[in-house]
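What follows is the content of target-v6.tsv (TSV, C-alpha atoms).
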chain	number	residue	atom	x	y	z
A	110	MET	CA	100.50	114.63	8.59
A	111	LEU	CA	99.49	118.04	9.90
A	112	ILE	CA	100.52	117.12	13.44
A	113	ASN	CA	103.95	115.90	12.27
A	114	ARG	CA	104.58	119.13	10.40
A	115	TYR	CA	103.55	121.11	13.48
A	116	ASN	CA	105.96	119.11	15.66
A	117	ILE	CA	108.80	119.69	13.18
A	118	TYR	CA	108.04	123.40	13.19
A	119	SER	CA	107.97	123.49	16.99
A	120	ILE	CA	111.34	121.74	17.26
A	121	SER	CA	112.86	124.07	14.67
A	122	ALA	CA	111.52	127.13	16.49
A	123	ALA	CA	112.94	125.81	19.78
A	124	PHE	CA	116.39	125.37	18.22
A	125	GLN	CA	116.23	128.87	16.77
A	126	GLY	CA	115.22	130.25	20.17
A	127	GLU	CA	118.15	128.46	21.85
A	128	ALA	CA	120.56	129.81	19.25
A	129	GLN	CA	119.18	133.31	19.76
A	130	GLN	CA	119.61	132.99	23.53
A	131	GLN	CA	123.23	131.93	23.09
A	132	ALA	CA	123.94	134.74	20.66
A	133	SER	CA	122.38	137.42	22.88
A	134	ARG	CA	123.86	136.32	26.22
A	135	THR	CA	125.66	139.14	28.00
A	136	VAL	CA	126.69	140.41	31.43
A	137	ASN	CA	127.49	144.08	32.02
A	138	TYR	CA	128.45	145.84	35.22
A	139	TRP	CA	129.34	149.35	36.27
A	140	TYR	CA	129.75	151.39	39.44
A	141	ASP	CA	126.91	153.71	40.36
A	142	SER	CA	127.38	157.24	41.67
A	143	ASP	CA	127.26	156.01	45.29
A	144	GLY	CA	129.92	153.36	44.62
A	145	SER	CA	127.52	150.42	44.39
A	146	LEU	CA	128.12	147.79	41.72
A	147	VAL	CA	125.24	147.46	39.27
A	148	LEU	CA	124.84	144.20	37.36
A	149	LYS	CA	122.81	143.68	34.19
A	150	ALA	CA	122.69	140.17	32.78
A	151	ARG	CA	120.94	138.28	30.01
A	152	LEU	CA	121.45	134.53	30.21
A	153	PRO	CA	120.18	131.54	28.24
A	154	ALA	CA	117.31	129.73	29.86
A	155	LEU	CA	119.43	126.81	31.10
A	156	ALA	CA	122.22	128.98	32.49
A	157	GLY	CA	119.63	131.25	34.09
A	158	ALA	CA	117.96	128.27	35.76
A	159	VAL	CA	121.34	127.17	37.15
A	160	LEU	CA	121.97	130.66	38.55
A	161	VAL	CA	118.52	130.78	40.16
A	162	LYS	CA	119.10	127.36	41.73
A	163	ALA	CA	122.47	128.50	43.07
A	164	LEU	CA	120.87	131.58	44.63
A	165	GLU	CA	118.12	129.45	46.16
A	166	ALA	CA	120.73	127.05	47.57
A	167	ALA	CA	122.64	129.95	49.17
A	168	MET	CA	119.56	131.66	50.63
A	169	PRO	CA	119.31	129.45	53.78
A	170	ALA	CA	122.84	130.51	54.75
A	171	VAL	CA	121.97	134.22	54.49
A	172	SER	CA	120.80	136.00	57.62
A	173	ALA	CA	117.15	137.04	57.50
A	174	THR	CA	117.57	139.93	59.94
A	175	GLY	CA	119.95	142.82	60.46
A	176	VAL	CA	120.79	144.91	63.51
A	177	ASN	CA	119.89	148.59	63.64
A	178	VAL	CA	122.54	150.02	65.95
A	179	GLN	CA	120.84	153.40	66.39
A	180	ARG	CA	117.48	151.91	67.36
A	181	ALA	CA	119.02	148.90	69.10
A	182	GLU	CA	116.67	146.49	67.43
A	183	GLU	CA	116.60	143.83	64.80
A	184	ARG	CA	114.95	144.47	61.47
A	185	ARG	CA	113.92	141.94	58.88
A	186	LEU	CA	115.84	142.15	55.62
A	187	THR	CA	113.98	142.28	52.33
A	188	TYR	CA	114.06	139.29	50.04
A	189	GLN	CA	115.91	141.34	47.43
A	190	ALA	CA	118.63	142.27	49.95
A	191	ARG	CA	119.04	138.63	51.01
A	192	ARG	CA	119.26	137.59	47.35
A	193	ALA	CA	122.09	140.11	46.85
A	194	ASP	CA	123.92	138.60	49.84
A	195	ALA	CA	123.33	135.14	48.36
A	196	LEU	CA	124.88	136.21	45.05
A	197	ALA	CA	127.98	137.46	46.88
A	198	MET	CA	128.12	134.16	48.78
A	199	VAL	CA	128.02	132.19	45.51
A	200	ALA	CA	130.99	134.21	44.24
A	201	GLU	CA	132.88	133.68	47.52
A	202	SER	CA	132.26	129.92	47.33
A	203	TYR	CA	133.84	129.77	43.88
A	204	LEU	CA	136.91	131.73	44.99
A	205	GLU	CA	137.17	129.67	48.16
A	206	ARG	CA	137.15	126.49	46.09
A	207	ASP	CA	140.05	127.77	44.01
A	208	ALA	CA	141.96	128.71	47.16
A	209	ALA	CA	141.39	125.25	48.67
A	210	SER	CA	142.65	123.58	45.48
A	211	GLY	CA	145.83	125.64	45.59
A	212	SER	CA	145.29	127.46	42.30
A	213	THR	CA	144.25	130.86	41.16
A	214	ALA	CA	141.68	131.65	38.51
A	215	SER	CA	144.37	131.37	35.82
A	216	GLY	CA	145.45	127.94	37.07
A	217	SER	CA	148.86	128.93	38.42
A	218	THR	CA	149.93	127.78	41.88
A	219	ALA	CA	149.85	130.49	44.54
A	220	SER	CA	153.04	131.09	46.49
A	221	GLY	CA	153.69	131.77	50.15
A	222	SER	CA	151.53	129.01	51.69
A	223	THR	CA	150.43	125.46	51.11
A	224	ALA	CA	147.01	124.42	49.89
A	225	SER	CA	146.24	122.84	53.26
A	226	ASP	CA	146.96	126.13	55.02
A	227	ARG	CA	144.65	127.96	52.68
A	228	ALA	CA	141.88	125.41	53.14
A	229	ALA	CA	142.25	125.56	56.91
A	230	SER	CA	142.41	129.31	57.15
A	231	GLY	CA	139.41	130.21	55.00
A	232	SER	CA	140.32	133.86	55.52
A	233	THR	CA	139.43	136.89	53.48
A	234	ALA	CA	142.95	136.93	52.10
A	235	ASP	CA	142.38	133.49	50.58
A	236	ARG	CA	138.92	134.09	49.21
A	237	TYR	CA	139.46	137.51	47.65
A	238	GLN	CA	141.81	138.71	44.98
A	239	VAL	CA	140.37	142.23	45.07
A	240	VAL	CA	143.10	144.86	45.34
A	241	VAL	CA	142.52	147.94	47.49
A	242	HIS	CA	144.98	150.84	47.49
A	243	VAL	CA	145.19	152.82	50.72
A	244	ASP	CA	147.74	155.24	52.16
A	245	ALA	CA	149.28	154.27	55.49
A	246	GLU	CA	148.20	157.54	57.10
A	247	THR	CA	144.64	157.12	55.85
A	248	LEU	CA	144.48	153.61	57.28
A	249	LYS	CA	145.82	154.66	60.67
A	250	GLU	CA	144.38	158.14	61.16
A	251	ARG	CA	141.15	157.69	59.13
A	252	THR	CA	142.00	160.89	57.31
A	253	ALA	CA	141.39	161.85	53.70
A	254	GLY	CA	143.74	160.23	51.23
A	255	ARG	CA	144.03	157.48	48.68
A	256	CYS	CA	141.58	154.73	49.55
A	257	HIS	CA	139.93	152.97	46.62
A	258	VAL	CA	139.41	149.67	44.87
A	259	GLU	CA	141.83	149.06	42.03
A	260	HIS	CA	140.11	150.35	38.88
A	261	GLY	CA	137.06	150.98	41.04
A	262	PRO	CA	135.34	153.49	43.32
A	263	VAL	CA	136.52	155.22	46.47
A	264	LEU	CA	135.95	153.38	49.76
A	265	PRO	CA	135.50	154.81	53.27
A	266	ALA	CA	138.59	154.48	55.45
A	267	GLU	CA	136.68	152.49	58.08
A	268	THR	CA	135.56	149.99	55.44
A	269	VAL	CA	139.18	149.43	54.41
A	270	ARG	CA	140.15	149.01	58.07
A	271	ARG	CA	137.53	146.26	58.27
A	272	LEU	CA	138.90	144.56	55.14
A	273	THR	CA	142.49	144.76	56.36
A	274	CYS	CA	141.61	143.10	59.66
A	275	ASP	CA	141.91	139.81	57.79
A	276	ALA	CA	143.72	140.26	54.49
A	277	SER	CA	147.04	140.06	52.70
A	278	VAL	CA	149.10	143.23	52.79
A	279	VAL	CA	151.81	144.44	50.40
A	280	ARG	CA	153.69	147.51	51.63
A	281	ILE	CA	154.89	149.84	48.87
A	282	VAL	CA	157.20	152.83	49.41
A	283	GLU	CA	156.49	155.60	46.90
A	284	THR	CA	157.89	158.98	46.03
A	285	GLU	CA	155.89	162.17	46.29
A	286	GLN	CA	154.96	161.71	42.63
A	287	GLY	CA	153.53	158.24	43.35
A	288	GLU	CA	156.39	156.24	41.81
A	289	PRO	CA	157.17	153.03	43.74
A	290	LEU	CA	160.62	152.83	45.27
A	291	ASP	CA	160.32	149.56	47.14
A	292	VAL	CA	157.73	146.78	47.10
A	293	GLY	CA	157.60	144.49	50.08
A	294	ARG	CA	156.54	140.87	50.26
A	295	LYS	CA	152.92	139.87	50.43
A	296	THR	CA	152.20	139.03	54.07
A	297	ARG	CA	149.09	137.94	55.88
A	298	THR	CA	147.71	139.96	58.73
A	299	ILE	CA	146.75	136.67	60.41
A	300	PRO	CA	149.15	133.72	59.94
A	301	PRO	CA	147.63	130.28	59.28
A	302	ALA	CA	148.72	128.89	62.67
A	303	ILE	CA	146.97	131.67	64.58
A	304	ARG	CA	143.95	131.28	62.31
A	305	ARG	CA	143.66	127.60	63.21
A	306	ALA	CA	143.93	128.38	66.90
A	307	LEU	CA	141.31	131.13	66.55
A	308	ASN	CA	138.90	128.82	64.74
A	309	THR	CA	139.35	126.27	67.52
A	310	ARG	CA	138.56	128.84	70.21
A	311	ASP	CA	135.80	130.65	68.26
A	312	PRO	CA	134.04	128.12	66.00
A	313	GLY	CA	131.33	130.67	65.19
A	314	CYS	CA	130.53	134.36	65.31
A	315	CYS	CA	131.04	135.71	68.83
A	316	PHE	CA	128.36	138.41	68.59
A	317	PRO	CA	125.63	137.73	71.20
A	318	GLY	CA	122.91	135.55	69.74
A	319	CYS	CA	124.55	135.02	66.32
A	320	THR	CA	124.63	131.43	65.07
A	321	HIS	CA	126.75	131.85	61.92
A	322	ARG	CA	129.62	129.39	61.67
A	323	ARG	CA	130.73	129.98	58.06
A	324	TYR	CA	132.28	132.92	56.21
A	325	LEU	CA	133.83	134.38	59.34
A	326	ASP	CA	136.33	137.24	59.54
A	327	ALA	CA	139.02	137.54	62.17
A	328	HIS	CA	138.64	140.97	63.76
A	329	HIS	CA	141.50	142.85	65.42
A	330	ILE	CA	140.04	144.41	68.58
A	331	GLU	CA	142.89	146.91	68.45
A	332	HIS	CA	143.64	147.33	64.76
A	333	TRP	CA	147.13	146.35	63.69
A	334	ALA	CA	147.47	149.75	61.97
A	335	ASP	CA	147.10	151.31	65.44
A	336	GLY	CA	149.77	149.04	66.90
A	337	GLY	CA	147.51	146.15	67.91
A	338	ALA	CA	149.20	142.75	68.11
A	339	THR	CA	148.08	139.80	66.00
A	340	LYS	CA	147.54	137.35	68.84
A	341	LEU	CA	144.59	135.40	70.18
A	342	SER	CA	143.89	137.85	73.00
A	343	ASN	CA	143.41	140.60	70.40
A	344	LEU	CA	141.38	138.58	67.87
A	345	VAL	CA	137.75	137.50	67.69
A	346	ASN	CA	135.75	135.75	64.98
A	347	LEU	CA	132.79	137.66	63.56
A	348	CYS	CA	130.39	137.05	60.69
A	349	ARG	CA	130.30	139.53	57.84
A	350	THR	CA	127.22	141.34	59.12
A	351	HIS	CA	128.50	141.90	62.65
A	352	HIS	CA	132.04	142.65	61.51
A	353	ARG	CA	130.64	145.48	59.40
A	354	LEU	CA	128.56	146.74	62.34
A	355	VAL	CA	131.60	146.77	64.61
A	356	HIS	CA	133.51	149.01	62.20
A	357	GLU	CA	130.92	151.07	60.39
A	358	GLY	CA	128.34	150.91	63.20
A	359	GLY	CA	130.64	151.92	66.04
A	360	ILE	CA	130.12	148.81	68.20
A	361	ALA	CA	132.90	148.40	70.78
A	362	ILE	CA	134.36	145.06	71.92
A	363	GLU	CA	135.99	144.52	75.29
A	364	ALA	CA	137.33	141.39	76.96
A	365	ARG	CA	135.47	140.29	80.10
A	366	ALA	CA	137.42	139.52	83.23
A	367	GLY	CA	135.96	136.02	83.49
A	368	GLY	CA	136.29	135.27	79.77
A	369	GLY	CA	134.23	136.09	76.75
A	370	TRP	CA	133.54	139.41	75.11
A	371	ARG	CA	131.42	142.44	75.85
A	372	PHE	CA	129.74	144.13	72.86
A	373	SER	CA	128.44	147.63	73.53
A	374	ARG	CA	126.64	150.24	71.47
A	375	PRO	CA	128.07	153.73	70.85
A	376	ASP	CA	126.06	155.02	73.85
A	377	GLY	CA	127.60	152.39	76.14
A	378	ARG	CA	124.63	150.00	76.39
A	379	GLU	CA	125.60	146.36	76.20
A	380	PHE	CA	124.22	143.89	73.68
A	381	GLU	CA	122.63	140.91	75.37
A	382	ILE	CA	121.41	137.64	73.97
A	383	GLY	CA	117.72	137.96	73.23
A	384	TYR	CA	115.38	135.01	73.56
A	385	ARG	CA	112.04	134.83	71.84
A	386	GLU	CA	109.19	133.65	73.99
A	387	PRO	CA	107.17	130.84	72.44
A	388	ALA	CA	103.96	131.94	70.77
A	389	PRO	CA	100.84	131.22	72.81
A	390	ALA	CA	98.67	128.31	71.76
A	391	TYR	CA	96.03	129.37	69.25
A	392	ASP	CA	92.40	128.93	70.28
A	393	TRP	CA	90.11	128.74	67.26
A	394	ASN	CA	87.22	130.10	69.34
A	395	ALA	CA	89.09	133.37	70.07
A	396	LEU	CA	88.28	134.95	66.70
A	397	ARG	CA	84.63	133.97	66.93
A	398	ASP	CA	84.36	135.38	70.46
A	399	THR	CA	86.01	138.63	69.35
A	400	HIS	CA	83.51	139.05	66.53
A	401	ALA	CA	80.61	138.31	68.87
A	402	ALA	CA	81.85	140.90	71.38
A	403	GLN	CA	82.04	143.52	68.62
A	404	GLY	CA	78.61	142.65	67.26
A	405	ILE	CA	79.91	141.35	63.94
A	406	PRO	CA	77.80	138.39	62.83
A	407	ILE	CA	79.70	135.93	60.64
A	408	ASP	CA	77.72	133.24	58.84
A	409	HIS	CA	77.69	131.39	55.54
A	410	ASN	CA	76.29	134.43	53.71
A	411	THR	CA	78.93	136.91	54.90
A	412	ALA	CA	81.30	136.44	51.97
A	413	ALA	CA	78.58	135.77	49.39
A	414	THR	CA	78.38	138.26	46.56
A	415	ARG	CA	75.18	140.22	46.00
A	416	TRP	CA	75.73	140.42	42.28
A	417	ARG	CA	73.29	138.16	40.44
A	418	GLY	CA	74.80	138.34	36.99
A	419	GLU	CA	72.68	141.25	35.72
A	420	ARG	CA	74.03	143.81	33.27
A	421	MET	CA	75.68	146.99	34.48
A	422	ASP	CA	73.16	149.82	34.89
A	423	TYR	CA	75.24	152.74	33.57
A	424	GLU	CA	72.38	155.20	34.13
A	425	LEU	CA	72.27	154.32	37.80
A	426	GLY	CA	76.07	154.56	38.04
A	427	VAL	CA	76.19	158.03	36.47
A	428	TRP	CA	73.33	159.17	38.71
A	429	ALA	CA	75.16	157.97	41.84
A	430	LEU	CA	78.44	159.64	40.81
A	431	CYS	CA	76.67	162.93	40.10
A	432	ASN	CA	75.01	162.84	43.52
A	433	GLN	CA	78.30	162.07	45.25
A	434	GLU	CA	79.97	165.04	43.59
A	435	GLU	CA	77.03	167.31	44.45
A	436	ARG	CA	76.95	166.22	48.09
A	437	ALA	CA	80.73	166.77	48.40
A	438	ARG	CA	80.42	170.24	46.87
A	439	ARG	CA	77.63	171.19	49.28
A	440	ARG	CA	79.63	169.98	52.28
A	441	ASN	CA	82.58	172.16	51.26
A	442	ASP	CA	80.35	175.21	50.52
A	443	PRO	CA	77.02	174.91	52.42
A	444	GLY	CA	75.77	178.38	51.39
A	445	ALA	CA	76.17	177.84	47.67
A	446	GLY	CA	73.33	176.61	45.52
A	447	SER	CA	73.58	173.77	43.11
A	448	SER	CA	75.56	174.77	40.05
A	449	ARG	CA	73.74	172.13	38.15
A	450	GLY	CA	70.31	172.95	39.51
A	451	GLY	CA	70.48	170.18	42.06
A	452	ALA	CA	70.91	166.48	41.57
A	453	PRO	CA	69.38	165.03	38.44
A	454	THR	CA	65.77	164.19	39.12
A	455	ASN	CA	65.14	162.31	35.95
A	456	CYS	CA	67.49	159.51	36.91
A	457	ASN	CA	65.52	158.04	39.78
A	458	PRO	CA	66.76	154.46	40.05
A	459	THR	CA	63.35	153.30	41.24
A	460	GLU	CA	61.82	154.43	37.94
A	461	SER	CA	64.42	152.79	35.70
A	462	ASP	CA	63.97	149.46	34.03
A	463	GLY	CA	64.07	146.23	35.93
A	464	ASP	CA	67.85	145.88	35.77
A	465	SER	CA	68.43	147.90	38.95
A	466	HIS	CA	66.50	145.36	41.07
A	467	GLY	CA	65.43	147.99	43.58
A	468	VAL	CA	68.99	149.07	44.51
A	469	SER	CA	68.80	152.35	46.38
A	470	ALA	CA	71.14	155.26	45.67
A	471	ALA	CA	72.03	155.24	49.36
A	472	THR	CA	74.03	152.10	48.64
A	473	PHE	CA	76.62	154.24	46.88
A	474	TYR	CA	77.07	156.80	49.67

Show me this structure written as structure tokens.
Amino acid sequence: MLINRYNIYSISAAFQGEAQQQASRTVNYWYDSDGSLVLKARLPALAGAVLVKALEAAMPAVSATGVNVQRAEERRLTYQARRADALAMVAESYLERDAASGSTASGSTASGSTASDRAASGSTADRYQVVVHVDAETLKERTAGRCHVEHGPVLPAETVRRLTCDASVVRIVETEQGEPLDVGRKTRTIPPAIRRALNTRDPGCCFPGCTHRRYLDAHHIEHWADGGATKLSNLVNLCRTHHRLVHEGGIAIEARAGGGWRFSRPDGREFEIGYREPAPAYDWNALRDTHAAQGIPIDHNTAATRWRGERMDYELGVWALCNQEERARRRNDPGAGSSRGGAPTNCNPTESDGDSHGVSAATFY
């Protein structure tokens, strides 16, 4: 009877906990002072488990290393940074699914292209519905001007140039007071036909050594805002990481005479494909030989504790701490006498009770 009542109480408490989780679920976000988006979420246990599983599923597709352009070396990304990239990838996958199905988030059919074109292109214009406002002069000359996310923070001009490499553009003519006079049609910087040809030529990221084949951006070698043509000879596929490094990191791309692309750092040095040499075979005797050469004996008693379960001798501990402080004071001021009349002489550990087991004070030095 008691067990049945306990089970009923446990089930009732579980239902109350689930109801509390549903009632308190919330997601808040805001832009920090540096423009970063800060997320704060509280999810029910089941929804939270689904989110964690989605992040874990996206983690293998996230790069584990990044390129430091200044030092010309790879650096390993933290797990937290890779998890942030995985969260962005989960969001992109959802938007990409809507684009492939030919519908927007509200369920209305998008105009200007067929669903098959959107599925084949997989471009930034299809995955994102984020609106960025930028002045034409700012985009071309990289000068100060309007350049911000709609209802969001200001963006660097070079970041917007990266986004507009592969995006949909709507040209708006405004008055000096900012009132629109003419709104043009929404056009793609890279038409679907050219996108298909580019994907056929560049099935993956063209940066040396990169193996990413998904979530690629088409990069204009000469930006279309500078007069660059949208044609295959002026386009190259790059992953998100290397596309950002080309724009924000100052990496230059040039076509090779015999085909392919040359990626160079701001100082002119070329990026080359790096190969890792295989790790040498491990010899289990190497560690033992190293210890023997250094005179470090390792046996079955090395890791054994010397504590035998006896009670803590606080008198011995206080005596050792007092001596340590006195010795440190004398080292710092050799000519000074003991302010305490020397180390305590009535705390000789050899004269204490049997709990010290003959431990010398030198053990604590």

For this session: Rank nothing, just name the residue among A:Leu347, A:Val292, A:Val282, A:Ala156 nearest to Asp311 (chain A), using all atoms listed in the file.
Result: A:Leu347

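Close contacts of Leu341 (chain A), defined as residues with an atom at most 12 Å away when counting only C-alpha atoms, with chain neighbours fewer than 6 positions off set aside, comprise A:Ile299, A:Pro300, A:Ala302, A:Ile303, A:Arg304, A:Arg305, A:Ala306, A:Leu307, A:Asn308, A:Thr309, A:Arg310, A:Asp311, A:Ala327, A:His328, A:His329, A:Ile330, A:Glu331, A:Ala364.
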
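If you look at CA of Ile405 (chain A) and CA of Asp392 (chain A), they are 18.7 Å away from each other.
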
Exercise. Can you tell me how far CA of Glu381 (chain A) sits from CA of Arg323 (chain A), in Å to one decimal?
Worked result: 22.0 Å

Neighbours of Asp326 (chain A) within 12 Å (all atoms listed in the file; same-chain residues fewer than 5 positions away dropped), as a PDB file with C-alpha atoms, in the coordinates of the input?
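Output below, filename part.pdb:
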ATOM      1  CA  SER A 230     142.410 129.310  57.150  1.00  0.00           C
ATOM      2  CA  GLY A 231     139.410 130.210  55.000  1.00  0.00           C
ATOM      3  CA  SER A 232     140.320 133.860  55.520  1.00  0.00           C
ATOM      4  CA  THR A 233     139.430 136.890  53.480  1.00  0.00           C
ATOM      5  CA  ALA A 234     142.950 136.930  52.100  1.00  0.00           C
ATOM      6  CA  ASP A 235     142.380 133.490  50.580  1.00  0.00           C
ATOM      7  CA  ARG A 236     138.920 134.090  49.210  1.00  0.00           C
ATOM      8  CA  ARG A 271     137.530 146.260  58.270  1.00  0.00           C
ATOM      9  CA  LEU A 272     138.900 144.560  55.140  1.00  0.00           C
ATOM     10  CA  THR A 273     142.490 144.760  56.360  1.00  0.00           C
ATOM     11  CA  CYS A 274     141.610 143.100  59.660  1.00  0.00           C
ATOM     12  CA  ASP A 275     141.910 139.810  57.790  1.00  0.00           C
ATOM     13  CA  ALA A 276     143.720 140.260  54.490  1.00  0.00           C
ATOM     14  CA  THR A 298     147.710 139.960  58.730  1.00  0.00           C
ATOM     15  CA  ILE A 299     146.750 136.670  60.410  1.00  0.00           C
ATOM     16  CA  ARG A 304     143.950 131.280  62.310  1.00  0.00           C
ATOM     17  CA  LEU A 307     141.310 131.130  66.550  1.00  0.00           C
ATOM     18  CA  ASN A 308     138.900 128.820  64.740  1.00  0.00           C
ATOM     19  CA  ASP A 311     135.800 130.650  68.260  1.00  0.00           C
ATOM     20  CA  PRO A 312     134.040 128.120  66.000  1.00  0.00           C
ATOM     21  CA  GLY A 313     131.330 130.670  65.190  1.00  0.00           C
ATOM     22  CA  CYS A 314     130.530 134.360  65.310  1.00  0.00           C
ATOM     23  CA  CYS A 315     131.040 135.710  68.830  1.00  0.00           C
ATOM     24  CA  HIS A 321     126.750 131.850  61.920  1.00  0.00           C
ATOM     25  CA  LEU A 344     141.380 138.580  67.870  1.00  0.00           C
ATOM     26  CA  VAL A 345     137.750 137.500  67.690  1.00  0.00           C
ATOM     27  CA  ASN A 346     135.750 135.750  64.980  1.00  0.00           C
ATOM     28  CA  LEU A 347     132.790 137.660  63.560  1.00  0.00           C
ATOM     29  CA  CYS A 348     130.390 137.050  60.690  1.00  0.00           C
ATOM     30  CA  ARG A 349     130.300 139.530  57.840  1.00  0.00           C
ATOM     31  CA  THR A 350     127.220 141.340  59.120  1.00  0.00           C
ATOM     32  CA  HIS A 351     128.500 141.900  62.650  1.00  0.00           C
ATOM     33  CA  HIS A 352     132.040 142.650  61.510  1.00  0.00           C
ATOM     34  CA  ARG A 353     130.640 145.480  59.400  1.00  0.00           C
ATOM     35  CA  VAL A 355     131.600 146.770  64.610  1.00  0.00           C
TER      36      VAL A 355
END

Exercise. Rounded to one decimal in Å, what is the spacing between CA of Thr296 (chain A) and CA of Ser277 (chain A)?
Worked result: 5.4 Å

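Neighbours of region 188-201 of chain A closer than or equal to 8 Å, with only C-alpha atoms counted and sequence neighbours fewer than 2 positions away skipped, come out as Ala163, Leu164, Ala167, Met168, Ala170, Val171, Ser172, Ala173, Leu186, Tyr203, Leu204, Glu205, Arg236 and Tyr237 of chain A.
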
Centre and edge lengths, as lines of an AutoDock Vina configuration file, for the axis-aligned box enclosing every listed atom of region 307-321 of chain A with 8 Å of padding on each of the six sides, in Å to one decimal?
center_x = 132.1
center_y = 132.3
center_z = 66.6
size_x = 34.4
size_y = 28.1
size_z = 25.3

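In this comparison, which uses all atoms listed in the file, the residue of A:Val278, A:Phe380, A:Arg270, A:Thr411 approaching Val240 (chain A) most closely is A:Val278.
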
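For the residues A:Ala253, A:Ala166, A:Val269, A:Val263, ranking by smallest atom-to-atom distance to Asp143 (chain A) using only C-alpha atoms places A:Val263 first.
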
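Residue nearest Leu264 (chain A) within the list A:His242, A:Lys249, A:Arg151, A:Arg417: A:His242 [criterion: smallest interatomic distance, only C-alpha atoms].
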
Export region 308-325 of chain A of the preceding structure, keeping N, CA and C atoms, as a short mmCIF file (atom, residue, chain, number, x, y, z; two decimals), in the first residue's frame.
data_model
loop_
_atom_site.label_atom_id
_atom_site.label_comp_id
_atom_site.auth_asym_id
_atom_site.auth_seq_id
_atom_site.Cartn_x
_atom_site.Cartn_y
_atom_site.Cartn_z
N ASN A 308 28.76 24.48 -59.67
CA ASN A 308 28.78 23.30 -58.80
C ASN A 308 29.36 22.09 -59.52
N THR A 309 29.16 22.03 -60.84
CA THR A 309 29.74 20.92 -61.61
C THR A 309 31.26 21.06 -61.69
N ARG A 310 31.73 22.29 -61.89
CA ARG A 310 33.18 22.50 -61.97
C ARG A 310 33.84 22.43 -60.60
N ASP A 311 33.21 23.04 -59.59
CA ASP A 311 33.77 23.07 -58.23
C ASP A 311 32.82 22.35 -57.28
N PRO A 312 32.92 21.03 -57.16
CA PRO A 312 32.00 20.31 -56.27
C PRO A 312 32.27 20.54 -54.79
N GLY A 313 33.39 21.15 -54.46
CA GLY A 313 33.72 21.42 -53.06
C GLY A 313 34.46 22.74 -52.94
N CYS A 314 34.85 23.06 -51.72
CA CYS A 314 35.61 24.29 -51.49
C CYS A 314 36.96 24.20 -52.19
N CYS A 315 37.33 25.28 -52.89
CA CYS A 315 38.56 25.29 -53.67
C CYS A 315 39.78 25.73 -52.87
N PHE A 316 39.61 26.08 -51.59
CA PHE A 316 40.77 26.47 -50.79
C PHE A 316 41.69 25.27 -50.61
N PRO A 317 43.00 25.46 -50.72
CA PRO A 317 43.93 24.32 -50.64
C PRO A 317 43.75 23.52 -49.35
N GLY A 318 43.51 22.22 -49.52
CA GLY A 318 43.40 21.32 -48.39
C GLY A 318 42.02 21.22 -47.78
N CYS A 319 41.06 22.06 -48.19
CA CYS A 319 39.72 22.02 -47.60
C CYS A 319 38.91 20.90 -48.25
N THR A 320 38.15 20.18 -47.43
CA THR A 320 37.37 19.04 -47.92
C THR A 320 35.87 19.27 -47.82
N HIS A 321 35.44 20.48 -47.50
CA HIS A 321 34.01 20.76 -47.36
C HIS A 321 33.33 20.73 -48.72
N ARG A 322 32.18 20.06 -48.76
CA ARG A 322 31.41 19.93 -49.99
C ARG A 322 29.97 20.41 -49.82
N ARG A 323 29.63 20.89 -48.63
CA ARG A 323 28.28 21.39 -48.37
C ARG A 323 28.37 22.82 -47.85
N TYR A 324 27.24 23.52 -47.96
CA TYR A 324 27.15 24.91 -47.49
C TYR A 324 28.26 25.77 -48.09
N LEU A 325 28.29 25.77 -49.42
CA LEU A 325 29.30 26.53 -50.14
C LEU A 325 28.73 27.86 -50.62
#
